[in-house]
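Text of start27.txt, listed as compact mmCIF, C-alpha atoms:
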# COMPACT_ATOMS: atom_id res chain seq x y z
CA LYS A 258 0.00 0.00 0.00
CA ASP A 259 1.35 3.39 -1.00
CA ASP A 260 1.82 5.96 1.77
CA TRP A 261 1.71 8.74 -0.89
CA SER A 262 4.90 10.35 0.39
CA ASP A 263 7.22 12.21 -1.96
CA ASP A 264 10.03 9.76 -1.15
CA ARG A 265 9.36 7.89 -4.39
CA PRO A 266 9.08 9.44 -7.86
CA TRP A 267 5.63 10.29 -9.17
CA THR A 268 5.53 7.95 -12.16
CA PRO A 269 2.51 8.01 -14.50
CA GLU A 270 1.23 4.81 -12.89
CA ARG A 271 1.59 6.21 -9.38
CA VAL A 272 -0.17 9.48 -10.29
CA LEU A 273 -3.07 7.51 -11.76
CA ALA A 274 -3.19 5.18 -8.73
CA ALA A 275 -3.35 8.23 -6.43
CA ILE A 276 -6.30 9.71 -8.33
CA HIS A 277 -8.08 6.33 -8.23
CA ALA A 278 -7.49 5.95 -4.46
CA GLU A 279 -10.24 6.88 -2.03
CA MET A 280 -7.84 9.08 -0.07
CA SER A 281 -4.64 10.52 -1.51
CA PRO A 282 -2.88 13.83 -2.13
CA PHE A 283 -4.31 14.08 -5.67
CA ASN A 284 -7.91 14.07 -6.84
CA TRP A 285 -7.36 15.19 -10.42
CA GLY A 286 -4.92 14.82 -13.28
CA LEU A 287 -4.51 16.09 -16.83
CA PHE A 288 -2.94 13.89 -19.48
CA LYS A 289 -1.49 14.30 -22.97
CA PRO A 290 -3.39 12.55 -25.76
CA SER A 291 -1.82 9.13 -26.38
CA GLN A 292 -2.80 5.83 -27.89
CA LYS A 293 -0.34 3.72 -25.92
CA GLU A 294 0.61 5.14 -22.53
CA VAL A 295 -0.44 7.45 -19.70
CA LYS A 296 1.38 10.79 -19.99
CA PRO A 297 0.54 13.08 -17.05
CA ILE A 298 0.88 16.82 -17.71
CA LYS A 299 -0.28 18.18 -14.36
CA TRP A 300 -1.97 16.76 -11.25
CA GLY A 301 -3.21 18.17 -8.00
CA HIS A 302 -5.84 18.33 -5.32
CA GLY A 303 -8.75 20.69 -4.96
CA SER A 304 -11.85 21.95 -6.62
CA LEU A 305 -12.69 22.26 -10.28
CA ASN A 306 -11.51 25.89 -10.17
CA THR A 307 -7.93 24.67 -9.72
CA LEU A 308 -8.31 22.18 -12.54
CA ARG A 309 -9.99 24.68 -14.87
CA GLU A 310 -7.00 27.04 -14.55
CA GLU A 311 -4.75 24.32 -16.01
CA LEU A 312 -6.84 23.71 -19.15
CA LYS A 313 -5.10 25.06 -22.24
CA ASP A 314 -7.07 26.87 -24.96
CA ASP A 315 -4.80 25.49 -27.68
CA GLN A 316 -4.47 21.83 -26.57
CA VAL A 317 -6.65 18.76 -26.40
CA GLN A 318 -6.23 17.29 -22.92
CA TYR A 319 -7.66 14.27 -21.19
CA GLY A 320 -8.48 14.32 -17.52
CA LEU A 321 -9.62 12.30 -14.57
CA MET A 322 -11.08 13.71 -11.37
CA ARG A 323 -12.25 12.02 -8.20
CA LEU A 324 -15.41 13.72 -6.98
CA SER A 325 -16.06 12.66 -3.40
CA PHE A 326 -19.12 13.52 -1.36
CA GLY A 327 -19.60 13.38 2.40
CA SER A 328 -17.15 12.16 5.00
CA GLY A 329 -16.23 9.17 7.10
CA LYS A 330 -18.15 5.98 6.40
CA PHE A 331 -20.74 8.00 4.45
CA LYS A 332 -18.17 9.26 1.94
CA ARG A 333 -18.84 8.22 -1.67
CA SER A 334 -16.44 8.78 -4.56
CA HIS A 335 -17.05 8.89 -8.29
CA TRP A 336 -14.47 9.33 -11.02
CA VAL A 337 -15.13 11.69 -13.91
CA TYR A 338 -13.17 11.02 -17.09
CA PHE A 339 -13.20 13.97 -19.43
CA LEU A 340 -11.97 15.07 -22.81
CA TRP A 341 -11.04 18.74 -23.00
CA THR A 342 -11.34 19.73 -26.65
CA PRO A 343 -11.37 23.53 -26.77
CA ASP A 344 -13.65 24.99 -29.38
CA THR A 345 -11.08 27.74 -29.98
CA MET A 346 -8.82 25.23 -31.77
CA THR A 347 -11.22 24.94 -34.73
CA HIS A 348 -10.60 28.55 -35.73
CA GLU A 349 -6.83 28.31 -36.06
CA TYR A 350 -5.05 26.97 -39.12
CA LYS A 351 -3.70 23.42 -38.55
CA LYS A 352 -5.03 23.37 -34.97
CA GLY A 353 -8.32 21.92 -36.22
CA ARG A 354 -6.54 18.91 -37.74
CA LEU A 355 -4.48 18.37 -34.60
CA ARG A 356 -7.66 18.63 -32.52
CA MET A 357 -9.39 15.95 -34.64
CA LYS A 358 -6.35 13.66 -34.41
CA HIS A 359 -6.13 13.95 -30.61
CA VAL A 360 -9.90 13.60 -30.13
CA SER A 361 -9.68 10.33 -32.10
CA TYR A 362 -7.59 8.89 -29.22
CA ASN A 363 -10.64 9.01 -26.93
CA GLY A 364 -11.25 5.24 -26.93
CA GLU A 365 -7.64 4.43 -26.05
CA MET A 366 -7.51 7.14 -23.37
CA GLN A 367 -10.72 5.82 -21.79
CA LYS A 368 -9.04 2.43 -21.42
CA LEU A 369 -5.76 3.91 -20.13
CA LEU A 370 -7.46 6.03 -17.44
CA ALA A 371 -10.06 3.42 -16.40
CA PRO A 372 -11.92 2.81 -14.17
CA TRP A 373 -14.22 5.82 -14.11
CA THR A 374 -17.91 6.45 -13.42
CA LEU A 375 -18.81 9.14 -15.92
CA SER A 376 -17.40 10.36 -19.24
CA LEU A 377 -17.67 13.99 -20.36
CA THR A 378 -16.59 15.98 -23.37
CA VAL A 379 -15.99 19.64 -22.57
CA GLU A 380 -15.35 22.41 -25.11
CA HIS A 381 -15.81 25.55 -23.01
CA LYS A 382 -14.33 26.40 -19.61
CA GLU A 383 -17.73 27.71 -18.49
CA LYS A 384 -18.89 24.06 -18.46
CA VAL A 385 -16.15 23.07 -16.03
CA THR A 386 -18.09 23.90 -12.86
CA ILE A 387 -18.76 21.85 -9.78
CA LYS A 388 -22.50 22.51 -10.09
CA ASP A 389 -22.60 21.16 -13.66
CA TRP A 390 -20.45 18.11 -12.90
CA ILE A 391 -22.43 17.22 -9.75
CA MET A 392 -25.63 17.38 -11.80
CA ARG A 393 -24.10 15.01 -14.37
CA VAL A 394 -22.94 12.58 -11.66
CA LYS A 395 -26.45 12.64 -10.15
CA LYS A 396 -27.95 11.70 -13.52
CA THR A 397 -25.51 8.82 -13.97
CA VAL A 398 -25.32 7.23 -10.53
CA VAL A 399 -28.00 5.23 -8.77
CA VAL A 400 -28.47 6.86 -5.39
CA ASP A 401 -29.18 4.65 -2.40
CA GLY A 402 -30.85 6.84 0.16
CA ASP A 403 -30.37 10.58 0.44
CA ASP A 404 -30.43 12.46 -2.88
CA ASN A 405 -28.87 15.49 -1.14
CA MET A 406 -25.69 13.44 -0.82
CA PHE A 407 -24.58 14.95 -4.16
CA SER A 408 -24.23 18.63 -3.34
CA GLU A 409 -21.52 21.27 -3.33
CA GLU A 410 -21.63 21.17 0.47
CA ALA A 411 -21.04 17.39 0.53
CA PHE A 412 -18.19 17.82 -1.99
CA LYS A 413 -16.57 20.51 0.17
CA LYS A 414 -16.94 18.29 3.25
CA ALA A 415 -15.05 15.50 1.48
CA LEU A 416 -12.37 17.96 0.28
CA ASP A 417 -11.91 19.21 3.84
CA GLU A 418 -11.45 15.65 5.08
CA GLU A 419 -8.90 14.99 2.32
CA ASN A 420 -7.06 18.24 3.11
CA LYS A 421 -6.71 17.17 6.75
CA TYR A 422 -5.33 13.82 5.55
CA ILE A 423 -2.83 15.62 3.27
CA GLN A 424 -1.69 17.86 6.14
CA GLN A 425 -1.08 14.76 8.29
CA LEU A 426 1.00 13.27 5.45
CA LYS A 427 3.12 16.42 5.27
CA ILE A 428 3.69 16.40 9.03
CA LYS A 429 4.69 12.73 8.88
CA GLU A 430 7.17 13.44 6.03
CA LYS A 431 8.90 16.20 8.03
CA LYS A 432 9.65 13.85 10.94
Is it possible to give me this structure as C-alpha cells?
Amino acid sequence: KDDWSDDRPWTPERVLAAIHAEMSPFNWGLFKPSQKEVKPIKWGHGSLNTLREELKDDQVQYGLMRLSFGSGKFKRSHWVYFLWTPDTMTHEYKKGRLRMKHVSYNGEMQKLLAPWTLSLTVEHKEKVTIKDWIMRVKKTVVVDGDDNMFSEEAFKKALDEENKYIQQLKIKEKK
C-alpha cells in the first residue's frame, strides 16, 4: 500500500493510482493525448476551479477527477473522465486537424485512465463547474438513500477531510 509520500518518484502509474485511491494527495490529473501510454501533464488536489486554470485553450487534454461527497463511512467517490477539446482550436489553421487527431484517441484514453464512473466531453471552460459536474454525476449514478448526498456542500466536506489527511501526510514526512 502506497503511503503517498514524496520519497518515491511520481511515475505516470503512481499518479493515476493516487487519483483512483479513495484518499490521496491528488484528486485530479490532466494527461497528454496518447494511444499507448499514460502521460501526465499536471496533477493536483482541490476543486474544479484549480483544474480549470490548467486547461489550455490550444491543446486537447484528457483528464480524470475524483469527486467525493460526504465524509467518514458516508463518503462516496465517483471518477469523472473527461476530454477537453477547446472549441477555440477549430478557428486556427492546422489546430483543427491536430484537434481531430487527438480527439480520435478518446477510446484508447478511456481504457488507459479506467476505471471511471462518468465520461464527459468539454469544449468551453464555463462548463467546467462543480455545479454542472455534480448534476451530471447525479444523472448517472444510482443513489441509495439521500439524494442530497450529491451537493456542493457534501463535496466541500469531502475535500476538507482529504485536506486534513494531506496535512497529516506532510507532518509525517517532516519527521
Exercise for the section: Please indicate the distance in Å from CA of Leu308 (chain A) to CA of Pro343 (chain A), rounded to one decimal place. Expected result: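 If I compute the distance from CA of Leu308 (chain A) to CA of Pro343 (chain A), I get 14.6 Å.
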Report as a tab-separated table the residues of region 366-409 of chain A within 9 Å of region 264-287 of chain A, each with its shortest atom pair and distance in Å (one decimal), using all atoms listed in the file, ordered by chain and increasing residue number.
residue	atom	partner	partner_atom	distance
A:Leu370	CA	A:Leu273	CA	7.3
A:Ala371	CA	A:His277	CA	8.9
A:Pro372	CA	A:His277	CA	7.9
A:Trp373	CA	A:His277	CA	8.5
Write to file, as a CSV table (one decimal), keeping the file's coordinate frame, the residues of the selection just made, with C-alpha atoms.
chain,number,residue,atom,x,y,z
A,370,LEU,CA,-7.5,6.0,-17.4
A,371,ALA,CA,-10.1,3.4,-16.4
A,372,PRO,CA,-11.9,2.8,-14.2
A,373,TRP,CA,-14.2,5.8,-14.1
Exercise for the section: Do a neighbour search on Met392 (chain A) at 12 Å with only C-alpha atoms, toss out local chain neighbours closer than 5 positions, and write the hits as number ranges by chain. Expected result: A: 324, 375, 384-387, 397-398, 404-409
Exercise for the section: Work out how far CA of Val317 (chain A) is from CA of Leu377 (chain A), in Å to one decimal. Expected result: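 A separation of 13.4 Å between them.
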Handout entry: Length of the CA of Lys431 (chain A) to CA of Asp263 (chain A) vector [Å]
Key = 10.9 Å
Exercise for the section: Using only C-alpha atoms, find all polymer residues with an atom at most 12 Å away from the point (-16.5, 17.0, -0.8); report them as a VMD selection string. Expected result: chain A and resid 279 to 280 284 302 to 305 323 to 329 331 to 335 387 391 406 to 420
Problem - Pick from A:Thr342, A:Leu426, A:Asp314, A:Glu294 nearest to Asp259 (chain A), counting all atoms listed in the file - result: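 Looking at the shortest contact to Asp259 (chain A), the residue is A:Leu426.
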Reconstructed region 362-373 of chain A, atom set all heavy atoms, as a PDB file, in the frame of the given file:
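File produced: rebuild.pdb:
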ATOM      1  N   TYR A 362      -8.213   9.775 -30.209  1.00  0.00           N
ATOM      2  CA  TYR A 362      -7.590   8.890 -29.220  1.00  0.00           C
ATOM      3  C   TYR A 362      -8.518   8.588 -28.042  1.00  0.00           C
ATOM      4  O   TYR A 362      -8.129   7.894 -27.104  1.00  0.00           O
ATOM      5  CB  TYR A 362      -6.308   9.514 -28.655  1.00  0.00           C
ATOM      6  CG  TYR A 362      -5.206   9.785 -29.644  1.00  0.00           C
ATOM      7  CD1 TYR A 362      -4.111  10.540 -29.261  1.00  0.00           C
ATOM      8  CD2 TYR A 362      -5.238   9.305 -30.951  1.00  0.00           C
ATOM      9  CE1 TYR A 362      -3.073  10.812 -30.150  1.00  0.00           C
ATOM     10  CE2 TYR A 362      -4.212   9.571 -31.841  1.00  0.00           C
ATOM     11  CZ  TYR A 362      -3.134  10.329 -31.437  1.00  0.00           C
ATOM     12  OH  TYR A 362      -2.109  10.592 -32.307  1.00  0.00           O
ATOM     13  N   ASN A 363      -9.719   9.113 -28.066  1.00  0.00           N
ATOM     14  CA  ASN A 363     -10.640   9.010 -26.930  1.00  0.00           C
ATOM     15  C   ASN A 363     -10.823   7.573 -26.431  1.00  0.00           C
ATOM     16  O   ASN A 363     -10.751   7.321 -25.232  1.00  0.00           O
ATOM     17  CB  ASN A 363     -11.985   9.645 -27.271  1.00  0.00           C
ATOM     18  CG  ASN A 363     -12.828   9.900 -26.045  1.00  0.00           C
ATOM     19  OD1 ASN A 363     -12.327  10.014 -24.939  1.00  0.00           O
ATOM     20  ND2 ASN A 363     -14.119  10.000 -26.250  1.00  0.00           N
ATOM     21  N   GLY A 364     -11.048   6.643 -27.330  1.00  0.00           N
ATOM     22  CA  GLY A 364     -11.250   5.240 -26.930  1.00  0.00           C
ATOM     23  C   GLY A 364     -10.056   4.673 -26.174  1.00  0.00           C
ATOM     24  O   GLY A 364     -10.201   4.022 -25.135  1.00  0.00           O
ATOM     25  N   GLU A 365      -8.865   4.925 -26.698  1.00  0.00           N
ATOM     26  CA  GLU A 365      -7.640   4.430 -26.050  1.00  0.00           C
ATOM     27  C   GLU A 365      -7.438   5.109 -24.694  1.00  0.00           C
ATOM     28  O   GLU A 365      -7.076   4.460 -23.722  1.00  0.00           O
ATOM     29  CB  GLU A 365      -6.406   4.675 -26.931  1.00  0.00           C
ATOM     30  CG  GLU A 365      -6.350   3.786 -28.157  1.00  0.00           C
ATOM     31  CD  GLU A 365      -7.105   4.337 -29.359  1.00  0.00           C
ATOM     32  OE1 GLU A 365      -7.778   5.394 -29.234  1.00  0.00           O
ATOM     33  OE2 GLU A 365      -7.053   3.707 -30.426  1.00  0.00           O
ATOM     34  N   MET A 366      -7.692   6.416 -24.635  1.00  0.00           N
ATOM     35  CA  MET A 366      -7.510   7.140 -23.370  1.00  0.00           C
ATOM     36  C   MET A 366      -8.516   6.659 -22.320  1.00  0.00           C
ATOM     37  O   MET A 366      -8.172   6.557 -21.142  1.00  0.00           O
ATOM     38  CB  MET A 366      -7.636   8.648 -23.585  1.00  0.00           C
ATOM     39  CG  MET A 366      -6.469   9.270 -24.339  1.00  0.00           C
ATOM     40  SD  MET A 366      -4.859   9.090 -23.533  1.00  0.00           S
ATOM     41  CE  MET A 366      -5.070  10.050 -22.042  1.00  0.00           C
ATOM     42  N   GLN A 367      -9.732   6.347 -22.743  1.00  0.00           N
ATOM     43  CA  GLN A 367     -10.720   5.820 -21.790  1.00  0.00           C
ATOM     44  C   GLN A 367     -10.216   4.539 -21.152  1.00  0.00           C
ATOM     45  O   GLN A 367     -10.366   4.327 -19.948  1.00  0.00           O
ATOM     46  CB  GLN A 367     -12.062   5.578 -22.476  1.00  0.00           C
ATOM     47  CG  GLN A 367     -12.822   6.840 -22.768  1.00  0.00           C
ATOM     48  CD  GLN A 367     -14.169   6.582 -23.419  1.00  0.00           C
ATOM     49  OE1 GLN A 367     -14.427   5.518 -23.969  1.00  0.00           O
ATOM     50  NE2 GLN A 367     -15.024   7.581 -23.375  1.00  0.00           N
ATOM     51  N   LYS A 368      -9.587   3.685 -21.951  1.00  0.00           N
ATOM     52  CA  LYS A 368      -9.040   2.430 -21.420  1.00  0.00           C
ATOM     53  C   LYS A 368      -7.844   2.702 -20.505  1.00  0.00           C
ATOM     54  O   LYS A 368      -7.715   2.082 -19.447  1.00  0.00           O
ATOM     55  CB  LYS A 368      -8.619   1.509 -22.563  1.00  0.00           C
ATOM     56  CG  LYS A 368      -9.786   0.953 -23.339  1.00  0.00           C
ATOM     57  CD  LYS A 368      -9.311   0.168 -24.546  1.00  0.00           C
ATOM     58  CE  LYS A 368     -10.485  -0.139 -25.466  1.00  0.00           C
ATOM     59  NZ  LYS A 368     -10.045  -0.491 -26.816  1.00  0.00           N
ATOM     60  N   LEU A 369      -6.966   3.619 -20.914  1.00  0.00           N
ATOM     61  CA  LEU A 369      -5.760   3.910 -20.130  1.00  0.00           C
ATOM     62  C   LEU A 369      -6.080   4.525 -18.764  1.00  0.00           C
ATOM     63  O   LEU A 369      -5.376   4.273 -17.789  1.00  0.00           O
ATOM     64  CB  LEU A 369      -4.837   4.859 -20.902  1.00  0.00           C
ATOM     65  CG  LEU A 369      -4.119   4.286 -22.120  1.00  0.00           C
ATOM     66  CD1 LEU A 369      -3.458   5.405 -22.924  1.00  0.00           C
ATOM     67  CD2 LEU A 369      -3.079   3.252 -21.696  1.00  0.00           C
ATOM     68  N   LEU A 370      -7.137   5.332 -18.696  1.00  0.00           N
ATOM     69  CA  LEU A 370      -7.460   6.030 -17.440  1.00  0.00           C
ATOM     70  C   LEU A 370      -8.541   5.313 -16.624  1.00  0.00           C
ATOM     71  O   LEU A 370      -8.939   5.810 -15.569  1.00  0.00           O
ATOM     72  CB  LEU A 370      -7.892   7.471 -17.736  1.00  0.00           C
ATOM     73  CG  LEU A 370      -6.845   8.354 -18.430  1.00  0.00           C
ATOM     74  CD1 LEU A 370      -7.380   9.767 -18.642  1.00  0.00           C
ATOM     75  CD2 LEU A 370      -5.542   8.394 -17.649  1.00  0.00           C
ATOM     76  N   ALA A 371      -9.017   4.172 -17.096  1.00  0.00           N
ATOM     77  CA  ALA A 371     -10.060   3.420 -16.400  1.00  0.00           C
ATOM     78  C   ALA A 371      -9.552   2.945 -15.040  1.00  0.00           C
ATOM     79  O   ALA A 371      -8.337   2.794 -14.859  1.00  0.00           O
ATOM     80  CB  ALA A 371     -10.517   2.249 -17.251  1.00  0.00           C
ATOM     81  N   PRO A 372     -10.463   2.702 -14.095  1.00  0.00           N
ATOM     82  CA  PRO A 372     -11.920   2.810 -14.170  1.00  0.00           C
ATOM     83  C   PRO A 372     -12.405   4.228 -13.859  1.00  0.00           C
ATOM     84  O   PRO A 372     -11.721   5.004 -13.202  1.00  0.00           O
ATOM     85  CB  PRO A 372     -12.394   1.855 -13.078  1.00  0.00           C
ATOM     86  CG  PRO A 372     -11.308   1.894 -12.052  1.00  0.00           C
ATOM     87  CD  PRO A 372     -10.025   2.114 -12.823  1.00  0.00           C
ATOM     88  N   TRP A 373     -13.577   4.532 -14.355  1.00  0.00           N
ATOM     89  CA  TRP A 373     -14.220   5.820 -14.110  1.00  0.00           C
ATOM     90  C   TRP A 373     -15.734   5.621 -14.153  1.00  0.00           C
ATOM     91  O   TRP A 373     -16.228   4.642 -14.684  1.00  0.00           O
ATOM     92  CB  TRP A 373     -13.772   6.887 -15.101  1.00  0.00           C
ATOM     93  CG  TRP A 373     -13.629   6.403 -16.517  1.00  0.00           C
ATOM     94  CD1 TRP A 373     -12.493   5.941 -17.107  1.00  0.00           C
ATOM     95  CD2 TRP A 373     -14.666   6.278 -17.498  1.00  0.00           C
ATOM     96  NE1 TRP A 373     -12.755   5.550 -18.400  1.00  0.00           N
ATOM     97  CE2 TRP A 373     -14.086   5.753 -18.665  1.00  0.00           C
ATOM     98  CE3 TRP A 373     -16.021   6.566 -17.504  1.00  0.00           C
ATOM     99  CZ2 TRP A 373     -14.813   5.505 -19.836  1.00  0.00           C
ATOM    100  CZ3 TRP A 373     -16.748   6.309 -18.670  1.00  0.00           C
ATOM    101  CH2 TRP A 373     -16.147   5.797 -19.807  1.00  0.00           C
TER     102      TRP A 373
END
